[in-house]
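*Asks:* Enclosed is the structure file target-v1.cif (mmCIF, C-alpha atoms).
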data_structure
loop_
_atom_site.label_atom_id
_atom_site.label_comp_id
_atom_site.auth_asym_id
_atom_site.auth_seq_id
_atom_site.Cartn_x
_atom_site.Cartn_y
_atom_site.Cartn_z
CA MET A 5 0.00 0.00 0.00
CA SER A 6 1.15 3.51 -0.75
CA ALA A 7 0.17 6.40 1.49
CA PRO A 8 -3.26 7.61 0.38
CA SER A 9 -3.06 10.87 -1.56
CA ARG A 10 -6.82 11.21 -1.83
CA GLN A 11 -9.90 9.61 -0.41
CA ARG A 12 -12.72 8.33 -2.54
CA PRO A 13 -15.95 7.35 -0.80
CA GLY A 14 -15.95 8.01 2.91
CA PRO A 15 -15.79 11.07 5.16
CA ARG A 16 -12.83 13.43 5.06
CA PRO A 17 -10.88 13.72 8.33
CA ALA A 18 -12.11 17.28 8.89
CA ASP A 19 -15.71 16.06 8.57
CA LEU A 20 -15.18 13.81 11.58
CA LEU A 21 -13.70 16.37 13.97
CA GLY A 22 -16.95 18.17 14.82
CA PRO A 23 -18.86 14.96 15.57
CA ALA A 24 -15.88 13.74 17.61
CA ARG A 25 -15.95 16.91 19.71
CA SER A 26 -19.67 16.50 20.28
CA ARG A 27 -18.98 13.06 21.80
CA LEU A 28 -16.42 14.23 24.36
CA GLN A 29 -18.82 14.49 27.29
CA ARG A 30 -20.18 11.03 26.62
CA TYR A 31 -16.60 9.75 26.34
CA LEU A 32 -15.75 11.21 29.76
CA HIS A 33 -18.87 9.72 31.33
CA ASP A 34 -18.10 6.31 29.85
CA LEU A 35 -14.44 6.53 30.86
CA ALA A 36 -15.44 7.23 34.45
CA ASP A 37 -17.68 4.14 34.38
CA LEU A 38 -14.88 1.93 33.04
CA VAL A 39 -12.25 3.25 35.44
CA ALA A 40 -14.63 2.54 38.35
CA ILE A 41 -14.40 -1.19 37.55
CA ASP A 42 -11.45 -3.01 39.13
CA SER A 43 -10.20 -5.14 36.26
CA GLY A 44 -6.73 -6.32 37.19
CA SER A 45 -5.39 -9.23 35.16
CA TYR A 46 -5.92 -11.56 38.13
CA SER A 47 -9.53 -10.39 38.66
CA PRO A 48 -11.61 -12.29 36.10
CA ASP A 49 -14.93 -11.02 37.45
CA GLY A 50 -13.80 -7.42 37.05
CA VAL A 51 -12.41 -8.02 33.58
CA ASN A 52 -15.66 -9.68 32.61
CA ALA A 53 -17.62 -6.69 33.91
CA VAL A 54 -15.63 -4.57 31.45
CA ALA A 55 -16.24 -7.23 28.78
CA ASP A 56 -20.00 -7.03 29.41
CA TRP A 57 -19.86 -3.26 28.89
CA VAL A 58 -17.73 -3.48 25.73
CA GLN A 59 -19.82 -6.30 24.29
CA ALA A 60 -23.00 -4.29 24.71
CA ARG A 61 -21.44 -1.30 22.98
CA LEU A 62 -20.13 -3.37 20.08
CA THR A 63 -23.49 -5.08 19.63
CA SER A 64 -25.18 -1.68 19.47
CA LEU A 65 -22.74 -0.75 16.68
CA GLY A 66 -23.79 -3.73 14.60
CA PHE A 67 -20.92 -6.07 15.42
CA THR A 68 -21.28 -9.79 15.83
CA VAL A 69 -19.45 -10.57 19.07
CA GLU A 70 -17.78 -13.88 19.90
CA ARG A 71 -16.95 -14.20 23.57
CA ILE A 72 -14.27 -16.77 24.36
CA ARG A 73 -13.35 -18.08 27.78
CA PRO A 74 -9.69 -19.13 27.74
CA PRO A 75 -8.82 -22.31 29.62
CA ALA A 76 -7.47 -21.96 33.16
CA ALA A 77 -3.74 -22.24 33.72
CA ASP A 78 -2.46 -24.84 36.15
CA GLY A 79 1.20 -24.70 37.01
CA PRO A 80 4.07 -22.22 37.00
CA PRO A 81 4.40 -19.32 36.69
CA PHE A 82 0.74 -18.58 37.47
CA GLY A 83 -0.43 -21.47 39.64
CA THR A 84 -4.09 -22.25 39.13
CA LEU A 85 -5.55 -19.16 37.54
CA ARG A 86 -8.46 -18.22 35.34
CA THR A 87 -8.62 -14.94 33.52
CA GLY A 88 -11.48 -12.98 32.04
CA ASP A 89 -12.96 -13.58 28.61
CA VAL A 90 -11.69 -12.50 25.19
CA LEU A 91 -13.95 -10.57 22.84
CA VAL A 92 -13.57 -10.95 19.07
CA ALA A 93 -16.15 -8.80 17.28
CA ARG A 94 -16.67 -8.51 13.54
CA LYS A 95 -18.56 -6.17 11.27
CA ALA A 96 -18.67 -6.49 7.50
CA GLY A 97 -18.28 -3.38 5.38
CA ARG A 98 -19.77 -2.57 2.02
CA LEU A 99 -16.66 -3.43 -0.01
CA THR A 100 -15.72 -6.93 -0.96
CA GLU A 101 -12.06 -7.78 -1.14
CA ALA A 102 -12.44 -8.16 -4.89
CA ASN A 103 -13.67 -4.56 -5.06
CA GLY A 104 -10.78 -3.19 -3.04
CA GLY A 105 -11.96 -3.76 0.51
CA ARG A 106 -9.48 -4.62 3.23
CA ARG A 107 -9.82 -6.20 6.66
CA ILE A 108 -8.77 -3.99 9.58
CA LEU A 109 -8.10 -5.23 13.12
CA LEU A 110 -8.44 -2.93 16.14
CA ALA A 111 -6.76 -4.30 19.29
CA ALA A 112 -7.16 -3.19 22.90
CA HIS A 113 -7.02 -4.79 26.34
CA MET A 114 -9.46 -4.71 29.25
CA ASP A 115 -7.13 -5.57 32.13
CA THR A 116 -5.00 -3.29 34.29
CA VAL A 117 -2.05 -3.84 36.62
CA PHE A 118 -4.01 -2.73 39.69
CA ALA A 119 -5.39 -4.85 42.53
CA ASP A 120 -9.03 -4.99 43.59
CA GLY A 121 -9.96 -1.97 45.67
CA THR A 122 -7.78 0.50 43.72
CA ALA A 123 -10.75 2.04 41.91
CA ALA A 124 -12.31 2.95 45.25
CA GLU A 125 -9.02 4.23 46.66
CA ARG A 126 -8.23 6.34 43.58
CA PRO A 127 -11.50 7.00 41.76
CA PHE A 128 -11.75 8.73 38.42
CA THR A 129 -11.03 12.45 38.67
CA LEU A 130 -10.84 15.24 36.14
CA ASP A 131 -8.48 18.13 36.82
CA GLY A 132 -8.93 20.56 33.96
CA THR A 133 -8.33 18.41 30.90
CA ARG A 134 -6.36 15.73 32.76
CA ALA A 135 -8.16 12.60 33.82
CA HIS A 136 -6.72 10.33 36.50
CA GLY A 137 -7.58 6.87 37.76
CA PRO A 138 -6.41 3.25 37.49
CA GLY A 139 -6.24 2.26 33.83
CA VAL A 140 -7.37 5.66 32.57
CA SER A 141 -4.60 5.59 29.97
CA ASP A 142 -3.58 1.93 29.90
CA ASP A 143 -5.82 0.91 28.32
CA LYS A 144 -9.35 2.05 29.10
CA GLY A 145 -8.85 5.38 27.38
CA GLY A 146 -7.62 3.65 24.23
CA LEU A 147 -10.29 0.94 24.36
CA LEU A 148 -12.97 3.60 24.55
CA ALA A 149 -11.35 5.63 21.78
CA GLY A 150 -11.70 2.64 19.47
CA LEU A 151 -15.39 2.29 20.26
CA THR A 152 -15.91 6.03 19.78
CA ALA A 153 -14.19 5.96 16.39
CA LEU A 154 -16.43 3.11 15.28
CA ASP A 155 -19.45 5.10 16.47
CA LEU A 156 -18.28 8.06 14.39
CA LEU A 157 -18.04 5.91 11.28
CA GLN A 158 -21.48 4.42 11.85
CA GLU A 159 -23.03 7.87 12.19
CA GLN A 160 -21.35 8.93 8.95
CA GLY A 161 -22.53 5.79 7.18
CA ALA A 162 -18.88 5.02 6.40
CA ALA A 163 -18.22 1.35 5.75
CA GLU A 164 -15.62 1.44 3.00
CA TYR A 165 -13.82 -1.67 4.12
CA ALA A 166 -14.26 -5.42 3.80
CA GLU A 167 -14.40 -6.05 7.55
CA VAL A 168 -13.48 -4.49 10.87
CA VAL A 169 -12.41 -6.87 13.62
CA PHE A 170 -12.35 -5.57 17.21
CA LEU A 171 -10.24 -7.56 19.66
CA ALA A 172 -10.38 -6.97 23.42
CA THR A 173 -8.11 -9.12 25.59
CA PRO A 174 -8.13 -9.83 29.37
CA ASP A 175 -4.47 -10.51 30.19
CA GLU A 176 -2.17 -8.19 28.23
CA GLU A 177 -0.60 -6.84 31.41
CA ILE A 178 0.77 -10.28 32.33
CA GLY A 179 2.03 -11.08 28.83
CA SER A 180 -1.20 -12.47 27.30
CA PRO A 181 -0.53 -16.10 28.31
CA PHE A 182 -4.21 -17.05 28.01
CA SER A 183 -5.31 -14.98 25.03
CA ARG A 184 -2.23 -15.28 22.82
CA GLY A 185 -3.55 -18.05 20.61
CA ILE A 186 -6.90 -16.28 20.21
CA THR A 187 -5.14 -13.05 19.25
CA GLU A 188 -2.99 -14.79 16.68
CA GLU A 189 -6.03 -16.53 15.21
CA ALA A 190 -7.97 -13.25 15.02
CA ALA A 191 -5.07 -11.66 13.13
CA ARG A 192 -4.95 -14.29 10.41
CA GLY A 193 -6.10 -12.91 7.08
CA VAL A 194 -6.19 -9.31 8.32
CA ASP A 195 -4.57 -6.67 6.11
CA TYR A 196 -3.71 -4.04 8.74
CA ALA A 197 -3.85 -3.79 12.53
CA LEU A 198 -4.27 -0.67 14.66
CA GLY A 199 -3.22 -0.89 18.31
CA LEU A 200 -5.33 1.15 20.74
CA GLU A 201 -2.71 1.68 23.42
CA CYS A 202 -2.59 5.39 24.19
CA ALA A 203 -0.17 7.67 22.40
CA ARG A 204 3.16 8.54 24.04
CA GLU A 205 3.30 11.56 26.34
CA ASN A 206 4.53 13.75 23.46
CA GLY A 207 1.77 12.50 21.16
CA ASP A 208 3.88 10.02 19.18
CA LEU A 209 2.46 6.83 17.77
CA VAL A 210 4.37 3.57 18.24
CA LEU A 211 5.94 2.25 15.07
CA ALA A 212 8.00 -0.56 16.61
CA ARG A 213 8.23 -2.53 19.84
CA LYS A 214 11.07 -4.73 20.98
CA GLY A 215 10.56 -8.43 21.32
CA VAL A 216 11.31 -10.29 24.55
CA ALA A 217 12.76 -13.74 25.09
CA ASP A 218 12.95 -15.21 28.61
CA PHE A 219 15.55 -17.83 29.49
CA ARG A 220 16.38 -20.09 32.39
CA LEU A 221 19.93 -21.33 32.83
CA THR A 222 20.42 -24.24 35.22
CA VAL A 223 23.96 -24.79 36.48
CA THR A 224 24.73 -28.25 37.80
CA GLY A 225 27.78 -28.76 40.02
CA ARG A 226 28.85 -31.32 42.58
CA ALA A 227 28.19 -31.19 46.31
CA ALA A 228 30.94 -31.72 48.86
CA HIS A 229 31.70 -30.89 52.48
CA ALA A 230 32.88 -27.29 52.38
CA GLY A 231 35.23 -27.74 55.32
CA ILE A 232 36.64 -31.25 55.00
CA GLU A 233 36.92 -31.90 51.26
CA PRO A 234 35.90 -28.85 49.22
CA GLU A 235 38.22 -29.99 46.42
CA ARG A 236 35.78 -32.81 45.65
CA GLY A 237 33.02 -30.34 44.86
CA ALA A 238 32.23 -28.24 41.82
CA ASN A 239 30.72 -24.95 42.87
CA ALA A 240 27.66 -24.14 40.78
CA ALA A 241 27.26 -20.77 42.51
CA LEU A 242 30.72 -19.70 41.39
CA ALA A 243 30.03 -20.86 37.84
CA ALA A 244 26.75 -18.93 37.92
CA ALA A 245 28.56 -15.81 39.12
CA HIS A 246 30.93 -15.97 36.16
CA LEU A 247 27.96 -16.50 33.87
CA VAL A 248 26.22 -13.41 35.21
CA VAL A 249 29.27 -11.32 34.35
CA SER A 250 29.53 -12.85 30.88
CA LEU A 251 25.86 -12.45 30.11
CA GLN A 252 25.66 -8.85 31.30
CA ALA A 253 28.68 -8.11 29.10
CA LEU A 254 26.49 -8.89 26.06
CA ASN A 255 24.88 -5.47 26.52
CA GLY A 256 26.26 -3.17 23.86
CA ARG A 257 27.35 -5.97 21.53
CA TRP A 258 24.42 -5.23 19.19
CA ASP A 259 22.58 -1.94 18.85
CA GLY A 260 19.32 -1.90 20.78
CA VAL A 261 19.76 -5.35 22.33
CA THR A 262 19.56 -5.59 26.11
CA VAL A 263 20.30 -8.60 28.30
CA ASN A 264 19.27 -8.59 31.95
CA VAL A 265 19.96 -11.31 34.50
CA GLY A 266 17.11 -10.60 36.88
CA VAL A 267 17.06 -13.69 39.13
CA VAL A 268 19.94 -15.63 40.67
CA ARG A 269 19.38 -18.61 42.97
CA ALA A 270 22.03 -20.95 44.34
CA GLY A 271 22.62 -23.45 47.12
CA HIS A 272 20.92 -24.30 50.39
CA ARG A 273 23.57 -24.37 53.14
CA PRO A 274 26.85 -22.52 53.60
CA ASN A 275 28.76 -25.66 54.61
CA ILE A 276 28.04 -27.45 51.32
CA VAL A 277 29.84 -26.74 48.07
CA CYS A 278 26.91 -25.47 45.99
CA PRO A 279 25.61 -28.24 43.71
CA GLU A 280 23.03 -26.28 41.71
CA ALA A 281 22.21 -22.71 40.66
CA GLU A 282 19.64 -21.06 38.47
CA LEU A 283 19.67 -17.83 36.46
CA ARG A 284 16.62 -16.19 34.93
CA LEU A 285 17.21 -13.58 32.27
CA GLU A 286 15.48 -11.72 29.51
CA VAL A 287 16.60 -10.46 26.13
CA ARG A 288 14.94 -7.50 24.45
CA ALA A 289 15.66 -6.74 20.81
CA ALA A 290 14.09 -4.83 17.95
CA THR A 291 14.42 -7.61 15.39
CA ALA A 292 13.96 -11.36 15.34
CA THR A 293 17.48 -11.64 13.95
CA ASP A 294 18.93 -9.95 17.02
CA VAL A 295 16.93 -12.20 19.35
CA ARG A 296 18.48 -15.20 17.62
CA ARG A 297 21.97 -13.67 17.86
CA ALA A 298 21.55 -13.11 21.58
CA ARG A 299 20.33 -16.66 22.11
CA ARG A 300 23.37 -18.06 20.33
CA ALA A 301 25.65 -15.94 22.51
CA ILE A 302 23.88 -17.18 25.66
CA GLU A 303 24.29 -20.79 24.52
CA ASP A 304 27.98 -20.18 23.74
CA ALA A 305 28.56 -18.78 27.23
CA ALA A 306 26.73 -21.72 28.79
CA ALA A 307 28.78 -24.24 26.80
CA CYS A 308 32.01 -23.20 28.50
CA PRO A 309 31.39 -22.79 32.26
CA ALA A 310 34.26 -21.22 34.18
CA VAL A 311 34.29 -23.87 36.94
CA PRO A 312 35.54 -27.39 36.07
CA GLY A 313 33.00 -30.06 36.81
CA THR A 314 29.97 -27.86 36.25
CA ALA A 315 27.52 -27.93 33.34
CA VAL A 316 24.85 -25.50 32.17
CA THR A 317 21.55 -26.13 30.39
CA VAL A 318 19.65 -23.36 28.60
CA GLU A 319 15.86 -23.26 28.28
CA GLN A 320 13.89 -20.60 26.46
CA LEU A 321 10.76 -20.16 28.56
CA ASP A 322 8.86 -17.64 26.48
CA HIS A 323 9.16 -15.48 23.40
CA CYS A 324 7.15 -12.43 22.43
CA PRO A 325 8.14 -11.47 18.87
CA PRO A 326 9.25 -7.94 18.06
CA MET A 327 6.86 -5.58 16.35
CA GLU A 328 9.26 -4.54 13.62
CA ALA A 329 9.03 -1.33 11.62
CA THR A 330 8.43 -2.43 8.03
CA GLY A 331 7.72 -0.73 4.75
CA ALA A 332 4.02 -1.42 5.23
CA SER A 333 3.94 0.04 8.74
CA HIS A 334 5.79 3.14 7.52
CA ARG A 335 3.12 3.57 4.86
CA MET A 336 0.45 3.23 7.55
CA LEU A 337 2.22 5.96 9.50
CA ALA A 338 2.26 8.18 6.41
CA ALA A 339 -1.49 7.71 6.05
CA ALA A 340 -1.95 8.63 9.73
CA GLN A 341 0.25 11.71 9.35
CA GLN A 342 -1.76 12.81 6.33
CA ALA A 343 -5.01 12.49 8.28
CA ALA A 344 -3.49 14.29 11.28
CA ALA A 345 -2.45 17.21 9.08
CA ALA A 346 -6.03 17.49 7.82
CA LEU A 347 -7.15 17.54 11.48
CA GLY A 348 -4.73 20.34 12.34
CA PHE A 349 -1.86 18.67 14.15
CA THR A 350 1.45 17.00 13.42
CA LEU A 351 2.17 13.41 14.26
CA GLY A 352 5.42 11.65 15.07
CA ALA A 353 6.29 8.06 15.82
CA THR A 354 8.75 6.22 18.00
CA ALA A 355 10.03 2.77 18.95
CA THR A 356 9.70 1.42 22.48
CA GLY A 357 11.10 -1.40 24.55
CA GLY A 358 7.70 -2.25 26.02
CA VAL A 359 5.73 -5.16 24.59
CA GLY A 360 2.02 -5.71 24.11
CA ASP A 361 -0.56 -7.52 22.04
CA ALA A 362 0.67 -5.57 19.01
CA ASN A 363 3.82 -7.72 19.14
CA LEU A 364 1.77 -10.90 18.86
CA ILE A 365 -0.20 -9.53 15.93
CA SER A 366 2.97 -8.40 14.19
CA GLY A 367 4.42 -11.87 14.74
CA THR A 368 1.73 -13.28 12.44
CA GLY A 369 3.00 -11.06 9.61
CA VAL A 370 0.32 -8.36 9.83
CA PRO A 371 1.54 -4.73 9.58
CA VAL A 372 0.78 -2.89 12.83
CA LEU A 373 0.66 0.72 13.95
CA ASP A 374 0.16 1.24 17.70
CA GLY A 375 -0.49 4.10 20.10
CA LEU A 376 -3.67 5.25 18.41
CA GLY A 377 -5.50 6.11 21.62
CA PRO A 378 -5.50 9.61 23.15
CA VAL A 379 -2.34 11.04 24.72
CA GLY A 380 -1.55 9.68 28.17
CA GLY A 381 1.27 8.78 30.51
CA ALA A 382 2.59 7.51 33.87
CA ASP A 383 1.12 4.10 33.13
CA HIS A 384 1.18 1.51 35.94
CA SER A 385 1.52 4.19 38.59
CA PRO A 386 -0.78 6.20 40.89
CA GLN A 387 -0.03 9.23 38.72
CA GLU A 388 -1.46 7.70 35.52
CA TRP A 389 -3.15 10.37 33.40
CA LEU A 390 -5.02 10.96 30.15
CA ASP A 391 -5.17 14.27 28.30
CA THR A 392 -8.85 14.50 27.46
CA ALA A 393 -8.25 17.53 25.22
CA THR A 394 -6.68 15.10 22.72
CA VAL A 395 -9.67 12.77 22.60
CA PRO A 396 -11.60 14.42 19.72
CA GLN A 397 -8.59 14.70 17.40
CA ARG A 398 -7.36 11.20 18.17
CA THR A 399 -10.73 9.51 17.73
CA ALA A 400 -11.25 11.39 14.46
CA LEU A 401 -7.75 10.33 13.39
CA LEU A 402 -8.50 6.70 14.18
CA ALA A 403 -11.80 6.77 12.28
CA SER A 404 -10.07 8.41 9.31
CA LEU A 405 -7.33 5.81 9.33
CA ILE A 406 -9.81 2.94 9.30
CA THR A 407 -11.41 4.51 6.23
CA ALA A 408 -8.09 5.17 4.50
CA LEU A 409 -6.66 1.72 5.10
CA GLY A 410 -9.89 -0.18 4.57
CA ASP A 411 -10.29 0.92 0.92
CA SER A 412 -7.47 0.09 -1.43
CA ARG A 413 -8.86 2.63 -3.91
CA ASN A 414 -7.36 5.30 -1.65
CA ASP A 415 -3.88 4.13 -2.55
CA ALA A 416 -1.86 6.51 -4.66
#
In structure tokens, what does this structure look like?
*Replies:*
Amino acid sequence: MSAPSRQRPGPRPADLLGPARSRLQRYLHDLADLVAIDSGSYSPDGVNAVADWVQARLTSLGFTVERIRPPAADGPPFGTLRTGDVLVARKAGRLTEANGGRRILLAAHMDTVFADGTAAERPFTLDGTRAHGPGVSDDKGGLLAGLTALDLLQEQGAAEYAEVVFLATPDEEIGSPFSRGITEEAARGVDYALGLECARENGDLVLARKGVADFRLTVTGRAAHAGIEPERGANAALAAAHLVVSLQALNGRWDGVTVNVGVVRAGHRPNIVCPEAELRLEVRAATATDVRRARRAIEDAAACPAVPGTAVTVEQLDHCPPMEATGASHRMLAAAQQAAAALGFTLGATATGGVGDANLISGTGVPVLDGLGPVGGADHSPQEWLDTATVPQRTALLASLITALGDSRNDA
């Protein structure tokens, strides 16, 4: 796709700004309702209360909503845990794919990082144009922006796309262990995906996100009496200490690749030469190639432990693929920047080390542009905020982008 230079059928961005402004008070009322619901990742009833609300709104907009209960997890790292439901909603447009219609995925999450009771302790407040409250920016403000944009398009009678798919997940804040497969399935066959995380504090969209790979290294040594015959032992703790130094030294070897040994465990008693140790580490990298490079370097370090008689095994526990900046995503950004200019503001983009559901969607090969919610910041903290003055422009931008991307006849 080339950046659209003109729009055929469908509203112009400027035509959407007035209706978006007229919806601001309803947006604020709805945001207060959503923020008042405790919906931490480990609170399935709260997440499902949000899901009930979102499902009702999507149904009123003409979507067919599939509600999926992921299976419970049993075992590490979560113990026995059930999460809330996943919503996958679909609405057909008036264009067939043969006539130039494309399928657009909107992705948001319903969970927060906050425990039950936080909504009562820190209820929704509005100080001038700044809203505060748990999840106000991450991601209830973005979730609601997506619904508002769809409402704008319905009012305008704009359906120049093949299909819009709206995905709302319950466990993004804990790495989407339950919903990952559902997300990847929803992304199959989609042409473009728009992530509804809120924009960066300076208004930037997110063009790329690093991927994350988690590893466990188990060091096996040989126990011995530390006082009588230490020479018969092989100290796994010492080998692990050398490994920590070697692994941390990988930082800086490749641009943008970080390696962090975050957990070190070794031994049980001080009078025993340590027979076993464990390291837990993560790698973050902007490209899949760099993740593979880092893994090879970790395996090379593990193959040559510094302490004779010790051995190291390497397990990759998890992998969230990077959301890489591609030619297609750059063209999506150009389309967004064109719409923003028509709405009276400039738009930048950035890369971030944080991961989200956009990574999983990108991992299926779908081009993704993220950060399309309103401007917000201080996520995961008591100071979390959302700039409500940006809501009309950002919802109009999102609606315009759905129209631009959904109709291939807009391509230059």
*Asks:* Quick check on the file I pasted: which residues fall under the PyMOL selection byres ((chain A and resi 371-376) around 8)? Write them as a VMD selection string.
*Replies:* chain A and resid 146 195 to 204 208 to 212 327 330 332 to 333 336 to 337 362 365 to 366 369 to 370 377 to 378 398 402
*Asks:* Report the distance between CA of Asn239 (chain A) and CA of Gln252 (chain A) in Å, rounded to one decimal place.
*Replies:* 20.5 Å
*Asks:* Figure out the distance between CA of Ile302 (chain A) and CA of Ser250 (chain A), please, to one decimal in Å.
*Replies:*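 That distance, rounded to one decimal, is 8.8 Å.
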*Asks:* I need the residue nearest Trp258 (chain A) from this list: A:His229, A:Lys144, A:His272, A:Arg296. Use only C-alpha atoms for the distance.
*Replies:* A:Arg296
*Asks:* Given only C-alpha atoms as the basis, pick out the residue of A:Gln341, A:Ser183, A:Asn206, A:Gln160 nearest to Asp391 (chain A).
*Replies:*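 Closest residue, counting only C-alpha atoms: A:Asn206.
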*Asks:* If we count all atoms listed in the file, what is near Gly215 (chain A) at a cut-off of 6 Å, once residues fewer than 3 positions away on the same chain are taken out, given as a PyMOL selection string?
*Replies:* chain A and resi 288-289+324-326
*Asks:* Just how far from CA of Val316 (chain A) is CA of Gly231 (chain A), in Å to one decimal?
*Replies:* 25.5 Å
*Asks:* Could you give me, as a ChimeraX atom specification, the residues that have an atom at most 7 Å away from the point (16.7, -0.4, 20.4) in the coordinates of the file, using all atoms listed in the file?
*Replies:* /A:259-261,289-290
*Asks:* In terms of the shortest atom-to-atom distance over all atoms listed in the file, which of A:Val223, A:Val90, A:Ala172, A:Leu130 is closest to Ala315 (chain A)?
*Replies:* A:Val223
